[in-house]
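Take a look at the structure below.
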Amino acid sequence: MQQLIQVIISGLLAGGIYSLISVGLTLTFGVVGIVNFAHGEFLMLAMYFSYWTFTLLNLDPYQSLLINMVLMALLAVVVFKTVFQRVLSADHSIQTILTLGLSMLLQNFALMIWKADYRNVRIPINNATLNLGGIILSLPKVIAFLIAIGMSVALYIFLQKTYTGVAMRAISQNMKSAQLMGIELKKTYLLAFVIGVVLVGVAGSLLIPIYPAYPTVGNSFCLLAFIVVVIGGLSSVPGAIFGGLLVGVVESLAGYFIGPAYQQAAYFVIFMIVLLVKPTGLFGKSTT
Amino acid sequence: MVKKLLHKQNSVLWIIAILLIFVPLLSKSSYFQDIAILTFLWAGLASSWNLYCGYCSRTSIGHAAFMGIGAYTSTLLYQNFGLSPWIGMFAGVLISMLFALILGGATLRLKGTFFVLATIAFGEIIRITVVTQENLTGGSKGLIIPFKPSFGNMIFSDKISYAVLTWIYMLIVILISCKLEHSKFGYYLIAVGENTGAAESLGVDATRTMTLAYLLSAAFTSIGGTLFAQYYMFIEPDSVMAGSVSNNFILISIIGGLGTAFGPFVGSLIITPLSNLLRGYLSFISGLHGFIFSLILMVVILFKPSGLLPQIIAFVKSKNRKEG
């Protein structure tokens, strides 16, 4: 029984980070309307940023968190203005292929300048553990979980209570009406995208003590983020939070009961089921 | 006379496509023959992808799964039962079509983005299955086809036979695309792709049209997979069903021109030789090759989303008008 609790809690901890990675994606899709297939690459770049600030400036990932956020914000602005802004009203296929191309571009860029070696940040906290009544928890994972959930909830509050946040929700519900209400689309799009990327950046900083950085590390996390977002409901932040935790737990349970090789298959199956039964997701709206 | 021919653009393209077989036939270099074979093969594969995704304005990123299914089916049947790949190829087609039917039934009616995600999930599920079921499929280690050249085994000791084979494959898929473009079915497909609701309101059975096109596309992608396996004599999940393979279909079709019969052909003509030559010259910096191609893809999709074929045609037409 205790083992089962251990497995579930491990899953929840992982799920916290999945949630953080996914809320950015769901925000971008909900507000800007573009599915960003390069989302995983922003995670990858954030992990590398953290790694390099650690290697060159001797700051551990938690200390360099703010620097990382600023760098990611700058990157987001550049990418949005050069790439995304041109295709805001273009066909879905074009947006898809463009972000796909961006994803390949960033992966190859990382490969070119940083090579394919796995980069790890070795700090004392790597192997620290907490003992909660017999359950062993990895400290970096606990910290990651707390910060991740904290930021996701902060985002939710931002969307509910601030004018800009409500404006974003308005746009995601009905773009034309939002414009009629006097909401400036372009600025809000940019802000939504930047917030999304910054959050993924934070996830990268939280992840680097636990997981190595390499050019294609974004792939599996990106896929996972998409699954979480579909399960939770596109453009629903609570959905992404819940979905992330759910996927984390399912993955952990699948690994424990069926075997590690089938972990990925487990959440793909759930993904397909949700797509077939309720494509708008558990928390999503039924209309578009 | 050239002017008259240009008015029938497709005729010129057909002539080019047919005459291209002389490149490998007359070339003394095995390297260039290899490039020709790959150009034909990828043109055929991308054209197969284009049959559904181009004409119906959808994006399927997991399409390589069908290529993998074709490759693995014919190879496994050959290895375990000695079944000729010619027949194994059709078995692969049947299995691919079965998967396409099941997957399609569930996902073809989903809105754009959801369909894309479903195809990714499908591609991944197939890939994970192949990798984990090592006993059956050889897993990540891949499968080797023993070299026993004979027509019945679809294994040839000379490159020219492979060139002819892949050339015929490419021509067949292009022919089907041409026929599709001018058929009622083709018009329905394009209509459904542009605006499903409007097409249905005019009486088009969208589901049936899309499903048939999807099956057709899966079938020919599968054949390409078998040919790939027979040429390389070795397949592994990364070479026949990875995301990068699907991305190649998309890259080639976009560069040439999505939703046109000769678009993927032109795309492959530009990309495949360039890619192989660059890979050789740029291998000293890993990633540079992929970086350049992603950049090309992004530039083309941003500034010339209808591809380079229409540009080339327009260019040639305007030159002739000036001189004429």
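Chains: A, B, ... in order of the structure tokens. Residues: from 1 per chain. Ligands: from 1, in order shown.
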| query | Mind listing as a list in words which residues of chain A are within 6 Å of chain B, counting only C-alpha atoms? | reply |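 Selected residues: Leu98, Gly101, Met104, Leu105, Asn108, Leu111 and Met112 of chain A.
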| Near-Leu4 in chain A list (10 Å; only C-alpha atoms; drop same-chain fewer than 4 positions) as number ranges by chain | A: 8-10, 252-253, 256-257
Expected file contents, prior selection, N, CA and C atoms, as a PDB file, in the first residue's frame:
ATOM      1  N   ILE A   8       1.976   7.085  -6.551  1.00  0.00           N
ATOM      2  CA  ILE A   8       1.042   8.158  -6.889  1.00  0.00           C
ATOM      3  C   ILE A   8       1.641   9.524  -6.597  1.00  0.00           C
ATOM      4  N   ILE A   9       2.306   9.629  -5.448  1.00  0.00           N
ATOM      5  CA  ILE A   9       2.897  10.934  -5.110  1.00  0.00           C
ATOM      6  C   ILE A   9       4.004  11.301  -6.093  1.00  0.00           C
ATOM      7  N   SER A  10       4.813  10.315  -6.491  1.00  0.00           N
ATOM      8  CA  SER A  10       5.838  10.581  -7.509  1.00  0.00           C
ATOM      9  C   SER A  10       5.189  11.116  -8.770  1.00  0.00           C
ATOM     10  N   SER A 252       2.958   7.385 -13.968  1.00  0.00           N
ATOM     11  CA  SER A 252       3.633   6.722 -12.860  1.00  0.00           C
ATOM     12  C   SER A 252       3.011   5.355 -12.584  1.00  0.00           C
ATOM     13  N   LEU A 253       1.677   5.321 -12.567  1.00  0.00           N
ATOM     14  CA  LEU A 253       0.999   4.048 -12.306  1.00  0.00           C
ATOM     15  C   LEU A 253       1.277   3.045 -13.418  1.00  0.00           C
ATOM     16  N   TYR A 256       4.586   1.555 -13.057  1.00  0.00           N
ATOM     17  CA  TYR A 256       4.670   0.624 -11.942  1.00  0.00           C
ATOM     18  C   TYR A 256       3.984  -0.697 -12.251  1.00  0.00           C
ATOM     19  N   PHE A 257       2.770  -0.620 -12.842  1.00  0.00           N
ATOM     20  CA  PHE A 257       2.011  -1.848 -13.052  1.00  0.00           C
ATOM     21  C   PHE A 257       2.327  -2.564 -14.354  1.00  0.00           C
TER      22      PHE A 257
END
| request: as JSON, numbers by chain, please: all residues of range 115-211 of chain B that backbone DSSP puts in helix (DSSP H, G or I). | output: {"B": [115, 116, 117, 118, 119, 120, 121, 122, 123, 124, 125, 126, 127, 128, 129, 130, 131, 132, 134, 135, 136, 137, 139, 140, 141, 159, 160, 161, 162, 163, 164, 165, 166, 167, 168, 169, 170, 171, 172, 173, 174, 175, 176, 177, 178, 179, 180, 181, 184, 185, 186, 187, 188, 189, 190, 191, 192, 193, 194, 196, 197, 198, 199, 200, 201, 206, 207, 208, 209, 210, 211]}
Keeping C-alpha atoms, export the residues of the selection given above as an mmCIF file, in the first residue's frame.
data_model
loop_
_atom_site.group_PDB
_atom_site.id
_atom_site.type_symbol
_atom_site.label_atom_id
_atom_site.label_comp_id
_atom_site.auth_asym_id
_atom_site.auth_seq_id
_atom_site.Cartn_x
_atom_site.Cartn_y
_atom_site.Cartn_z
ATOM 1 C CA PHE B 115 -6.599 15.840 -36.377
ATOM 2 C CA VAL B 116 -2.926 16.809 -36.440
ATOM 3 C CA LEU B 117 -2.496 15.793 -32.811
ATOM 4 C CA ALA B 118 -4.297 12.517 -33.444
ATOM 5 C CA THR B 119 -1.956 11.704 -36.316
ATOM 6 C CA ILE B 120 1.034 12.446 -34.089
ATOM 7 C CA ALA B 121 -0.377 10.179 -31.393
ATOM 8 C CA PHE B 122 -1.021 7.442 -33.953
ATOM 9 C CA GLY B 123 2.482 7.715 -35.366
ATOM 10 C CA GLU B 124 3.958 7.519 -31.877
ATOM 11 C CA ILE B 125 1.819 4.556 -30.850
ATOM 12 C CA ILE B 126 2.939 2.624 -33.925
ATOM 13 C CA ARG B 127 6.565 3.560 -33.319
ATOM 14 C CA ILE B 128 6.440 2.618 -29.627
ATOM 15 C CA THR B 129 4.760 -0.685 -30.500
ATOM 16 C CA VAL B 130 7.467 -1.550 -33.007
ATOM 17 C CA VAL B 131 10.230 -0.580 -30.601
ATOM 18 C CA THR B 132 8.827 -2.507 -27.641
ATOM 19 C CA GLU B 134 11.353 -6.678 -30.056
ATOM 20 C CA ASN B 135 10.674 -10.353 -30.552
ATOM 21 C CA LEU B 136 8.407 -9.647 -33.451
ATOM 22 C CA THR B 137 9.974 -6.604 -35.046
ATOM 23 C CA GLY B 139 12.881 -3.354 -31.981
ATOM 24 C CA SER B 140 15.366 -0.531 -32.238
ATOM 25 C CA LYS B 141 17.935 -2.813 -33.743
ATOM 26 C CA LYS B 159 21.091 0.300 -59.184
ATOM 27 C CA ILE B 160 19.395 0.765 -62.550
ATOM 28 C CA SER B 161 16.677 -1.756 -61.742
ATOM 29 C CA TYR B 162 15.924 0.099 -58.503
ATOM 30 C CA ALA B 163 15.902 3.347 -60.444
ATOM 31 C CA VAL B 164 13.336 2.007 -62.880
ATOM 32 C CA LEU B 165 11.245 0.608 -60.031
ATOM 33 C CA THR B 166 11.132 3.829 -58.039
ATOM 34 C CA TRP B 167 10.659 5.847 -61.215
ATOM 35 C CA ILE B 168 7.581 3.807 -62.118
ATOM 36 C CA TYR B 169 6.279 4.226 -58.557
ATOM 37 C CA MET B 170 6.687 7.989 -58.777
ATOM 38 C CA LEU B 171 4.983 8.148 -62.179
ATOM 39 C CA ILE B 172 2.053 6.069 -60.957
ATOM 40 C CA VAL B 173 1.372 8.310 -57.975
ATOM 41 C CA ILE B 174 1.703 11.449 -60.123
ATOM 42 C CA LEU B 175 -0.679 9.905 -62.660
ATOM 43 C CA ILE B 176 -3.206 9.226 -59.927
ATOM 44 C CA SER B 177 -2.829 12.808 -58.707
ATOM 45 C CA CYS B 178 -3.471 14.129 -62.220
ATOM 46 C CA LYS B 179 -6.516 11.928 -62.644
ATOM 47 C CA LEU B 180 -7.719 12.992 -59.218
ATOM 48 C CA GLU B 181 -7.395 16.661 -60.036
ATOM 49 C CA LYS B 184 -15.453 14.591 -59.760
ATOM 50 C CA PHE B 185 -13.953 12.882 -56.728
ATOM 51 C CA GLY B 186 -11.050 15.286 -56.819
ATOM 52 C CA TYR B 187 -13.279 18.334 -56.933
ATOM 53 C CA TYR B 188 -15.280 16.988 -54.005
ATOM 54 C CA LEU B 189 -12.074 16.400 -52.068
ATOM 55 C CA ILE B 190 -10.741 19.893 -52.657
ATOM 56 C CA ALA B 191 -14.130 21.366 -51.756
ATOM 57 C CA VAL B 192 -14.306 19.375 -48.548
ATOM 58 C CA GLY B 193 -10.778 20.461 -47.747
ATOM 59 C CA GLU B 194 -11.498 24.127 -48.199
ATOM 60 C CA THR B 196 -16.325 21.052 -45.167
ATOM 61 C CA GLY B 197 -19.607 22.594 -44.093
ATOM 62 C CA ALA B 198 -20.211 24.348 -47.376
ATOM 63 C CA ALA B 199 -19.373 21.225 -49.352
ATOM 64 C CA GLU B 200 -21.761 19.139 -47.305
ATOM 65 C CA SER B 201 -24.522 21.658 -47.733
ATOM 66 C CA ALA B 206 -17.542 14.603 -46.832
ATOM 67 C CA THR B 207 -16.795 11.629 -44.614
ATOM 68 C CA ARG B 208 -16.829 9.158 -47.470
ATOM 69 C CA THR B 209 -14.698 11.399 -49.694
ATOM 70 C CA MET B 210 -12.104 12.065 -47.029
ATOM 71 C CA THR B 211 -11.950 8.427 -45.991
#
| task | Would you list, as a PyMOL selection string, the residues of range 10-259 of chain A that end up in strand (DSSP E or B) under DSSP run on this structure's backbone? | result | chain A and resi 119+129-132+135-138+213
| task | Would you kindly return, as number ranges by chain, each protein, DNA or RNA residue with an atom no farther than 6 Å from any atom of range 16-31 of chain A, considering only C-alpha atoms and excluding same-chain residues fewer than 6 positions away? | result | A: 145, 148-149, 152, 168, 171-172, 193, 196, 200, 225, 234-235, 237, 240-241, 244-245
| query | Got a sec: who's within 7 Å of Tyr51 in chain A, counting only C-alpha atoms, leaving out chain neighbours fewer than 4 positions off, as a list in words? | reply | Met47, Thr55 and Val121 of chain A
| request: Would you work out the distance separating CA of Phe220 in chain B from CA of Met97 in chain B, expressed in Å to one decimal? | output: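 Distance reported for this atom pair: 9.7 Å.
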| field | Contacts of range 158-165 of chain A at 8 Å (only C-alpha atoms; same-chain gap of 4+ positions) as a ChimeraX atom specification | value | /A:154,169,188
